[in-house]
Every structure is written in C-alpha cells, then in structure tokens.
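To start, the structure itself, in structure tokens.
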Amino acid sequence: MSDDPLFPRKPPTPKDPSYCLKMFIGVLMVLVVLAVCGVAIAALVVNANYLVIQRNCVSNESFLGFITTDKNGPSFQWDLQFIIGTPTINTIHIMGPILPGYNTSSTLFIALCGTPSTLACDLSVPFLVKGSVNEYNGAGVNTLINTFREKPNAYYVLVNGGYRMDLGKLC
C-alpha cells in the first residue's frame, strides 16, 4: 500500500486489525445520533401535549380527583371520587377568581354540572362523578380556559355549595 494520490489506500477489510474497532465506533455513533433525535422528538411531543391538556389535582376530606382543561376540545373535564356518606351531588362549580385581600369566597366562574348549568351531575358510577363541558352560557369555553390557566390558584371547586377544593396544584 502506498500514500500516493494516484493509488489511494484500500478501505479496511475484516482482515485489518482496526476494522472491528472502526465499525463499532461507526455503529455506536449512528445509535447515539438516533437516540438524541428520539429524545428531542419525544420532548417536543410531551411539551406540546402539556400545553394542550392540563390537569389540576383537587382533594379534601370527602373528595379526591382532578379538573382538566383541554384546549383541543376545548373543554373542562372533571373526575371526582367521593367517600361513603357524602350527600347526593347536585352541583359542581368552579369559583373565582379570588380577589386580592380575600381568601374565603368568590363568584361563580363556571358551573360544571348542576344549576345554573343545564348539565346534570352524572352519578351513574358509585362514588364517582365525572363529566365534561365544552360550552357555557351559549359560548365555547376556550376563553374561560385561558383565563383560568393564567392564575389557577385564584380558583377553587365548590361541590354542593359546601365542599371546597383549591385548584392550584398541577398533576
């Protein structure tokens, strides 16, 4: 073999001692590039979904569940489990925003089910109330979702007018 430009070196062959090392490094580099691309794509998908769907955990001594805002629908969705002995659920409201200087009560933001909404609270599964609303007062809920997401800790869920659950925690 020579280093003459007219007669370049031959590519490595399996008989060459460095052939296996060069092939291993080449394959390893391809796998690393594919893994990095996969992680980047997955991060974009997860982040995009996070912006579309957000879930707020809620709980108190009688309820455990979540309120979801979905900008794809757009809709408010709820899934609340409750304990034995809880009175029949007639209303689920999101109240707010709580004005600065106040922490006890606010006005109705959206009625998820029950009066003044025309949607009845679905109690078909024992100890579970769930549902979805994509329209309120004759309009879509996209503007309400945007307003809610600006400051979710200024809102709370009120069930039957007496069971309160804060909405500040994302889950």
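Residues in the structure tokens are numbered from 1 in each chain, the chains being A, B, ... in the order shown, and ligands are numbered from 1 in the order shown.
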Discussion item. Please extract the residues of range 17-140 of chain A with a backbone DSSP assignment of helix (DSSP H, G or I) and present them as an MDAnalysis selection string.
Written reply: chainID A and resid 19:52
Worksheet item: Any idea what's packed within 9 Å of range 102-104 of chain A, counting only C-alpha atoms, ignoring anything in its chain fewer than 3 positions away? Could you give it as JSON, numbers by chain?
Response: {"A": [98, 99, 154]}
Please dump the current selection as a compact mmCIF listing (two decimals), in the first residue's frame; keep C-alpha atoms.
# COMPACT_ATOMS: atom_id res chain seq x y z
CA ILE A 98 -60.45 35.25 44.38
CA LEU A 99 -59.72 38.96 44.64
CA ALA A 154 -57.09 32.00 42.34
Item to complete: For Val159 in chain A, work out the shell of residues within 9 Å, counting only C-alpha atoms and skipping chain neighbours fewer than 3 positions away, then give it as a PyMOL selection string.
Response: chain A and resi 89-94+162-165
What would the file look like if the residues just selected were written as a PDB file, in the first residue's frame with C-alpha atoms?
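File produced: out_7.pdb:
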ATOM      1  CA  ILE A  89     -74.018  15.651  44.453  1.00  0.00           C
ATOM      2  CA  ASN A  90     -76.225  18.282  42.861  1.00  0.00           C
ATOM      3  CA  THR A  91     -73.717  20.955  41.790  1.00  0.00           C
ATOM      4  CA  ILE A  92     -70.051  21.265  40.904  1.00  0.00           C
ATOM      5  CA  HIS A  93     -68.882  24.817  40.328  1.00  0.00           C
ATOM      6  CA  ILE A  94     -65.543  26.459  39.710  1.00  0.00           C
ATOM      7  CA  GLY A 162     -70.195  23.411  50.887  1.00  0.00           C
ATOM      8  CA  TYR A 163     -67.277  21.181  49.885  1.00  0.00           C
ATOM      9  CA  ARG A 164     -64.332  23.353  48.793  1.00  0.00           C
ATOM     10  CA  MET A 165     -61.179  22.191  46.970  1.00  0.00           C
TER      11      MET A 165
END
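Among the candidates A:Pro97, A:Gly26, A:Pro116, A:Pro74, the one nearest to Glu135 in chain A when counting only C-alpha atoms is A:Pro74.
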Discussion item. Residues near Thr143 in chain A, anyone? I mean within 12 Å using only C-alpha atoms, not counting same-chain ones fewer than 2 positions away, as JSON, numbers by chain.
Written reply: {"A": [69, 70, 71, 74, 75, 76, 109, 110, 134, 135, 136, 139, 140, 141, 145, 146, 147, 148, 149, 150]}
Please dump the current selection as an mmCIF file, in the first residue's frame; keep C-alpha atoms.
data_model
loop_
_atom_site.group_PDB
_atom_site.id
_atom_site.type_symbol
_atom_site.label_atom_id
_atom_site.label_comp_id
_atom_site.auth_asym_id
_atom_site.auth_seq_id
_atom_site.Cartn_x
_atom_site.Cartn_y
_atom_site.Cartn_z
ATOM 1 C CA THR A 69 -58.612 21.854 30.961
ATOM 2 C CA ASP A 70 -58.265 20.646 27.378
ATOM 3 C CA LYS A 71 -57.586 23.252 24.696
ATOM 4 C CA PRO A 74 -61.788 22.828 24.201
ATOM 5 C CA SER A 75 -63.389 21.581 27.402
ATOM 6 C CA PHE A 76 -63.371 21.428 31.176
ATOM 7 C CA PHE A 109 -66.729 31.228 37.232
ATOM 8 C CA ILE A 110 -68.299 28.181 35.523
ATOM 9 C CA ASN A 134 -67.367 22.432 26.221
ATOM 10 C CA GLU A 135 -69.990 25.166 26.208
ATOM 11 C CA TYR A 136 -71.166 27.547 28.908
ATOM 12 C CA ALA A 139 -70.418 30.066 24.132
ATOM 13 C CA GLY A 140 -67.330 27.870 23.920
ATOM 14 C CA VAL A 141 -65.090 27.563 26.957
ATOM 15 C CA ILE A 145 -59.740 28.072 29.948
ATOM 16 C CA ASN A 146 -57.256 30.805 29.027
ATOM 17 C CA THR A 147 -58.414 32.998 31.922
ATOM 18 C CA PHE A 148 -58.284 30.074 34.364
ATOM 19 C CA ARG A 149 -54.796 28.996 33.271
ATOM 20 C CA GLU A 150 -53.363 32.480 33.848
#
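By chain and then residue number, the residues within 7 Å of Asn56 in chain A are Phe66, Ile67, Thr68, Leu167, Gly168, Lys169, Leu170 and Cys171 of chain A, counting only C-alpha atoms and disregarding those fewer than 3 positions away in sequence.
By chain and then residue number, the residues within 7 Å of range 77-87 of chain A are Ser62, Phe63, Leu64, Gly65, Phe66, Ile67, Thr68, Thr69, Phe127, Leu128, Val129, Lys130, Gly131, Ser132 and Val133 of chain A, counting only C-alpha atoms and disregarding those fewer than 3 positions away in sequence.
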Filtered DSSP result for range 3-168 of chain A, state strand (DSSP E or B), as a PDB file with N, CA and C atoms, in the first residue's frame:
ATOM      1  N   ILE A  53     -53.271  20.012  27.284  1.00  0.00           N
ATOM      2  CA  ILE A  53     -54.057  19.423  28.374  1.00  0.00           C
ATOM      3  C   ILE A  53     -53.338  19.675  29.693  1.00  0.00           C
ATOM      4  N   GLN A  54     -54.049  20.297  30.633  1.00  0.00           N
ATOM      5  CA  GLN A  54     -53.502  20.492  31.974  1.00  0.00           C
ATOM      6  C   GLN A  54     -54.495  19.945  32.986  1.00  0.00           C
ATOM      7  N   ARG A  55     -53.961  19.248  33.975  1.00  0.00           N
ATOM      8  CA  ARG A  55     -54.794  18.619  34.997  1.00  0.00           C
ATOM      9  C   ARG A  55     -54.451  19.220  36.352  1.00  0.00           C
ATOM     10  N   ASN A  56     -55.484  19.670  37.063  1.00  0.00           N
ATOM     11  CA  ASN A  56     -55.325  20.208  38.413  1.00  0.00           C
ATOM     12  C   ASN A  56     -55.880  19.198  39.405  1.00  0.00           C
ATOM     13  N   CYS A  57     -55.053  18.785  40.363  1.00  0.00           N
ATOM     14  CA  CYS A  57     -55.493  17.856  41.403  1.00  0.00           C
ATOM     15  C   CYS A  57     -56.316  18.603  42.447  1.00  0.00           C
ATOM     16  N   VAL A  58     -57.344  17.954  42.932  1.00  0.00           N
ATOM     17  CA  VAL A  58     -58.170  18.526  43.991  1.00  0.00           C
ATOM     18  C   VAL A  58     -58.446  17.444  45.033  1.00  0.00           C
ATOM     19  N   SER A  59     -58.555  17.859  46.283  1.00  0.00           N
ATOM     20  CA  SER A  59     -58.905  16.909  47.343  1.00  0.00           C
ATOM     21  C   SER A  59     -59.318  17.662  48.597  1.00  0.00           C
ATOM     22  N   PHE A  63     -63.493  14.309  49.053  1.00  0.00           N
ATOM     23  CA  PHE A  63     -63.297  14.167  47.601  1.00  0.00           C
ATOM     24  C   PHE A  63     -61.824  14.032  47.246  1.00  0.00           C
ATOM     25  N   LEU A  64     -61.585  13.337  46.139  1.00  0.00           N
ATOM     26  CA  LEU A  64     -60.254  13.188  45.580  1.00  0.00           C
ATOM     27  C   LEU A  64     -60.410  13.073  44.068  1.00  0.00           C
ATOM     28  N   GLY A  65     -59.666  13.885  43.309  1.00  0.00           N
ATOM     29  CA  GLY A  65     -59.784  13.789  41.864  1.00  0.00           C
ATOM     30  C   GLY A  65     -59.053  14.893  41.155  1.00  0.00           C
ATOM     31  N   PHE A  66     -59.546  15.228  39.972  1.00  0.00           N
ATOM     32  CA  PHE A  66     -58.901  16.257  39.186  1.00  0.00           C
ATOM     33  C   PHE A  66     -59.886  16.979  38.286  1.00  0.00           C
ATOM     34  N   ILE A  67     -59.505  18.199  37.937  1.00  0.00           N
ATOM     35  CA  ILE A  67     -60.204  19.020  36.956  1.00  0.00           C
ATOM     36  C   ILE A  67     -59.211  19.214  35.814  1.00  0.00           C
ATOM     37  N   THR A  68     -59.620  18.906  34.607  1.00  0.00           N
ATOM     38  CA  THR A  68     -58.735  19.000  33.451  1.00  0.00           C
ATOM     39  C   THR A  68     -59.226  20.096  32.517  1.00  0.00           C
ATOM     40  N   THR A  69     -58.286  20.900  32.017  1.00  0.00           N
ATOM     41  CA  THR A  69     -58.612  21.854  30.961  1.00  0.00           C
ATOM     42  C   THR A  69     -57.948  21.342  29.691  1.00  0.00           C
ATOM     43  N   ASP A  70     -58.737  21.189  28.648  1.00  0.00           N
ATOM     44  CA  ASP A  70     -58.265  20.646  27.378  1.00  0.00           C
ATOM     45  C   ASP A  70     -58.514  21.680  26.288  1.00  0.00           C
ATOM     46  N   SER A  75     -62.419  22.005  26.402  1.00  0.00           N
ATOM     47  CA  SER A  75     -63.389  21.581  27.402  1.00  0.00           C
ATOM     48  C   SER A  75     -62.790  21.612  28.806  1.00  0.00           C
ATOM     49  N   PHE A  76     -63.684  21.688  29.779  1.00  0.00           N
ATOM     50  CA  PHE A  76     -63.371  21.428  31.176  1.00  0.00           C
ATOM     51  C   PHE A  76     -63.862  20.010  31.441  1.00  0.00           C
ATOM     52  N   GLN A  77     -63.032  19.198  32.069  1.00  0.00           N
ATOM     53  CA  GLN A  77     -63.422  17.828  32.411  1.00  0.00           C
ATOM     54  C   GLN A  77     -63.175  17.623  33.896  1.00  0.00           C
ATOM     55  N   TRP A  78     -63.970  16.776  34.514  1.00  0.00           N
ATOM     56  CA  TRP A  78     -63.786  16.508  35.935  1.00  0.00           C
ATOM     57  C   TRP A  78     -63.977  15.038  36.199  1.00  0.00           C
ATOM     58  N   ASP A  79     -63.281  14.574  37.224  1.00  0.00           N
ATOM     59  CA  ASP A  79     -63.325  13.180  37.656  1.00  0.00           C
ATOM     60  C   ASP A  79     -63.082  13.203  39.159  1.00  0.00           C
ATOM     61  N   LEU A  80     -64.132  13.061  39.942  1.00  0.00           N
ATOM     62  CA  LEU A  80     -64.044  13.164  41.397  1.00  0.00           C
ATOM     63  C   LEU A  80     -64.569  11.899  42.053  1.00  0.00           C
ATOM     64  N   GLN A  81     -63.760  11.304  42.908  1.00  0.00           N
ATOM     65  CA  GLN A  81     -64.208  10.191  43.743  1.00  0.00           C
ATOM     66  C   GLN A  81     -64.662  10.778  45.067  1.00  0.00           C
ATOM     67  N   PHE A  82     -65.656  10.141  45.677  1.00  0.00           N
ATOM     68  CA  PHE A  82     -66.101  10.640  46.968  1.00  0.00           C
ATOM     69  C   PHE A  82     -66.360   9.482  47.908  1.00  0.00           C
ATOM     70  N   ILE A  92     -71.507  21.118  40.866  1.00  0.00           N
ATOM     71  CA  ILE A  92     -70.051  21.265  40.904  1.00  0.00           C
ATOM     72  C   ILE A  92     -69.744  22.555  40.159  1.00  0.00           C
ATOM     73  N   HIS A  93     -69.182  23.502  40.886  1.00  0.00           N
ATOM     74  CA  HIS A  93     -68.882  24.817  40.328  1.00  0.00           C
ATOM     75  C   HIS A  93     -67.401  25.132  40.492  1.00  0.00           C
ATOM     76  N   ILE A  94     -66.854  25.850  39.529  1.00  0.00           N
ATOM     77  CA  ILE A  94     -65.543  26.459  39.710  1.00  0.00           C
ATOM     78  C   ILE A  94     -65.814  27.918  40.054  1.00  0.00           C
ATOM     79  N   MET A  95     -65.272  28.341  41.185  1.00  0.00           N
ATOM     80  CA  MET A  95     -65.480  29.684  41.696  1.00  0.00           C
ATOM     81  C   MET A  95     -64.191  30.481  41.534  1.00  0.00           C
ATOM     82  N   LEU A 108     -69.218  32.816  40.959  1.00  0.00           N
ATOM     83  CA  LEU A 108     -69.255  31.671  40.055  1.00  0.00           C
ATOM     84  C   LEU A 108     -68.465  31.982  38.795  1.00  0.00           C
ATOM     85  N   PHE A 109     -67.508  31.105  38.465  1.00  0.00           N
ATOM     86  CA  PHE A 109     -66.729  31.228  37.232  1.00  0.00           C
ATOM     87  C   PHE A 109     -67.368  30.369  36.143  1.00  0.00           C
ATOM     88  N   ILE A 110     -67.616  29.077  36.447  1.00  0.00           N
ATOM     89  CA  ILE A 110     -68.299  28.181  35.523  1.00  0.00           C
ATOM     90  C   ILE A 110     -68.984  27.079  36.322  1.00  0.00           C
ATOM     91  N   ALA A 111     -70.219  26.781  35.956  1.00  0.00           N
ATOM     92  CA  ALA A 111     -70.943  25.664  36.556  1.00  0.00           C
ATOM     93  C   ALA A 111     -70.657  24.431  35.709  1.00  0.00           C
ATOM     94  N   LEU A 112     -69.936  23.466  36.281  1.00  0.00           N
ATOM     95  CA  LEU A 112     -69.613  22.256  35.530  1.00  0.00           C
ATOM     96  C   LEU A 112     -70.852  21.371  35.397  1.00  0.00           C
ATOM     97  N   CYS A 113     -71.572  21.208  36.485  1.00  0.00           N
ATOM     98  CA  CYS A 113     -72.845  20.491  36.427  1.00  0.00           C
ATOM     99  C   CYS A 113     -73.746  21.002  37.536  1.00  0.00           C
ATOM    100  N   VAL A 125     -71.876   5.921  38.170  1.00  0.00           N
ATOM    101  CA  VAL A 125     -70.888   5.025  38.772  1.00  0.00           C
ATOM    102  C   VAL A 125     -70.836   5.343  40.264  1.00  0.00           C
ATOM    103  N   LEU A 128     -68.390   8.055  42.284  1.00  0.00           N
ATOM    104  CA  LEU A 128     -67.622   8.748  41.259  1.00  0.00           C
ATOM    105  C   LEU A 128     -68.549   9.688  40.507  1.00  0.00           C
ATOM    106  N   VAL A 129     -68.090  10.911  40.320  1.00  0.00           N
ATOM    107  CA  VAL A 129     -68.821  11.868  39.488  1.00  0.00           C
ATOM    108  C   VAL A 129     -67.831  12.393  38.469  1.00  0.00           C
ATOM    109  N   LYS A 130     -68.205  12.285  37.194  1.00  0.00           N
ATOM    110  CA  LYS A 130     -67.303  12.740  36.144  1.00  0.00           C
ATOM    111  C   LYS A 130     -68.112  13.296  34.995  1.00  0.00           C
ATOM    112  N   GLY A 131     -67.450  14.097  34.202  1.00  0.00           N
ATOM    113  CA  GLY A 131     -68.134  14.681  33.062  1.00  0.00           C
ATOM    114  C   GLY A 131     -67.243  15.658  32.332  1.00  0.00           C
ATOM    115  N   SER A 132     -67.845  16.317  31.362  1.00  0.00           N
ATOM    116  CA  SER A 132     -67.120  17.266  30.519  1.00  0.00           C
ATOM    117  C   SER A 132     -68.090  18.329  30.039  1.00  0.00           C
ATOM    118  N   VAL A 133     -67.596  19.544  29.921  1.00  0.00           N
ATOM    119  CA  VAL A 133     -68.407  20.633  29.395  1.00  0.00           C
ATOM    120  C   VAL A 133     -67.556  21.429  28.408  1.00  0.00           C
ATOM    121  N   GLU A 135     -69.222  23.955  26.488  1.00  0.00           N
ATOM    122  CA  GLU A 135     -69.990  25.166  26.208  1.00  0.00           C
ATOM    123  C   GLU A 135     -70.601  25.653  27.507  1.00  0.00           C
ATOM    124  N   TYR A 136     -70.581  26.968  27.706  1.00  0.00           N
ATOM    125  CA  TYR A 136     -71.166  27.547  28.908  1.00  0.00           C
ATOM    126  C   TYR A 136     -71.811  28.874  28.535  1.00  0.00           C
ATOM    127  N   ALA A 139     -71.694  29.797  24.806  1.00  0.00           N
ATOM    128  CA  ALA A 139     -70.418  30.066  24.132  1.00  0.00           C
ATOM    129  C   ALA A 139     -69.421  28.965  24.476  1.00  0.00           C
ATOM    130  N   GLY A 140     -68.399  28.831  23.647  1.00  0.00           N
ATOM    131  CA  GLY A 140     -67.330  27.870  23.920  1.00  0.00           C
ATOM    132  C   GLY A 140     -66.567  28.266  25.171  1.00  0.00           C
ATOM    133  N   TYR A 156     -61.234  27.846  42.869  1.00  0.00           N
ATOM    134  CA  TYR A 156     -61.467  26.645  43.666  1.00  0.00           C
ATOM    135  C   TYR A 156     -62.737  25.969  43.184  1.00  0.00           C
ATOM    136  N   VAL A 157     -62.851  24.682  43.509  1.00  0.00           N
ATOM    137  CA  VAL A 157     -64.046  23.900  43.165  1.00  0.00           C
ATOM    138  C   VAL A 157     -64.956  23.904  44.382  1.00  0.00           C
ATOM    139  N   LEU A 158     -66.235  24.075  44.125  1.00  0.00           N
ATOM    140  CA  LEU A 158     -67.235  24.046  45.187  1.00  0.00           C
ATOM    141  C   LEU A 158     -68.294  23.010  44.812  1.00  0.00           C
ATOM    142  N   VAL A 159     -68.417  21.988  45.636  1.00  0.00           N
ATOM    143  CA  VAL A 159     -69.395  20.913  45.398  1.00  0.00           C
ATOM    144  C   VAL A 159     -70.547  21.100  46.382  1.00  0.00           C
ATOM    145  N   TYR A 163     -68.543  21.906  49.923  1.00  0.00           N
ATOM    146  CA  TYR A 163     -67.277  21.181  49.885  1.00  0.00           C
ATOM    147  C   TYR A 163     -66.309  21.931  48.964  1.00  0.00           C
ATOM    148  N   ARG A 164     -65.266  22.508  49.555  1.00  0.00           N
ATOM    149  CA  ARG A 164     -64.332  23.353  48.793  1.00  0.00           C
ATOM    150  C   ARG A 164     -63.014  22.619  48.565  1.00  0.00           C
ATOM    151  N   MET A 165     -62.474  22.767  47.321  1.00  0.00           N
ATOM    152  CA  MET A 165     -61.179  22.191  46.970  1.00  0.00           C
ATOM    153  C   MET A 165     -60.418  23.203  46.133  1.00  0.00           C
ATOM    154  N   ASP A 166     -59.194  23.543  46.552  1.00  0.00           N
ATOM    155  CA  ASP A 166     -58.372  24.503  45.819  1.00  0.00           C
ATOM    156  C   ASP A 166     -57.834  23.886  44.534  1.00  0.00           C
TER     157      ASP A 166
END
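Candidate residues A:Gly101, A:Gly73, A:Pro126, A:Gly96 were compared for distance to Asn142 in chain A, and the nearest is A:Gly73, using only C-alpha atoms.
Taking CA of Leu119 in chain A and CA of Gly161 in chain A as the two end points, the separation is 16.6 Å.
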Practice prompt. In Å, rounded to a single decimal, give me how far CA of Pro100 in chain A is from CA of Asn153 in chain A.
Written response: 11.9 Å
Worksheet item: Between CA of Leu51 in chain A and CA of Lys151 in chain A, what is the distance, to one decimal in Å?
Response: 14.7 Å
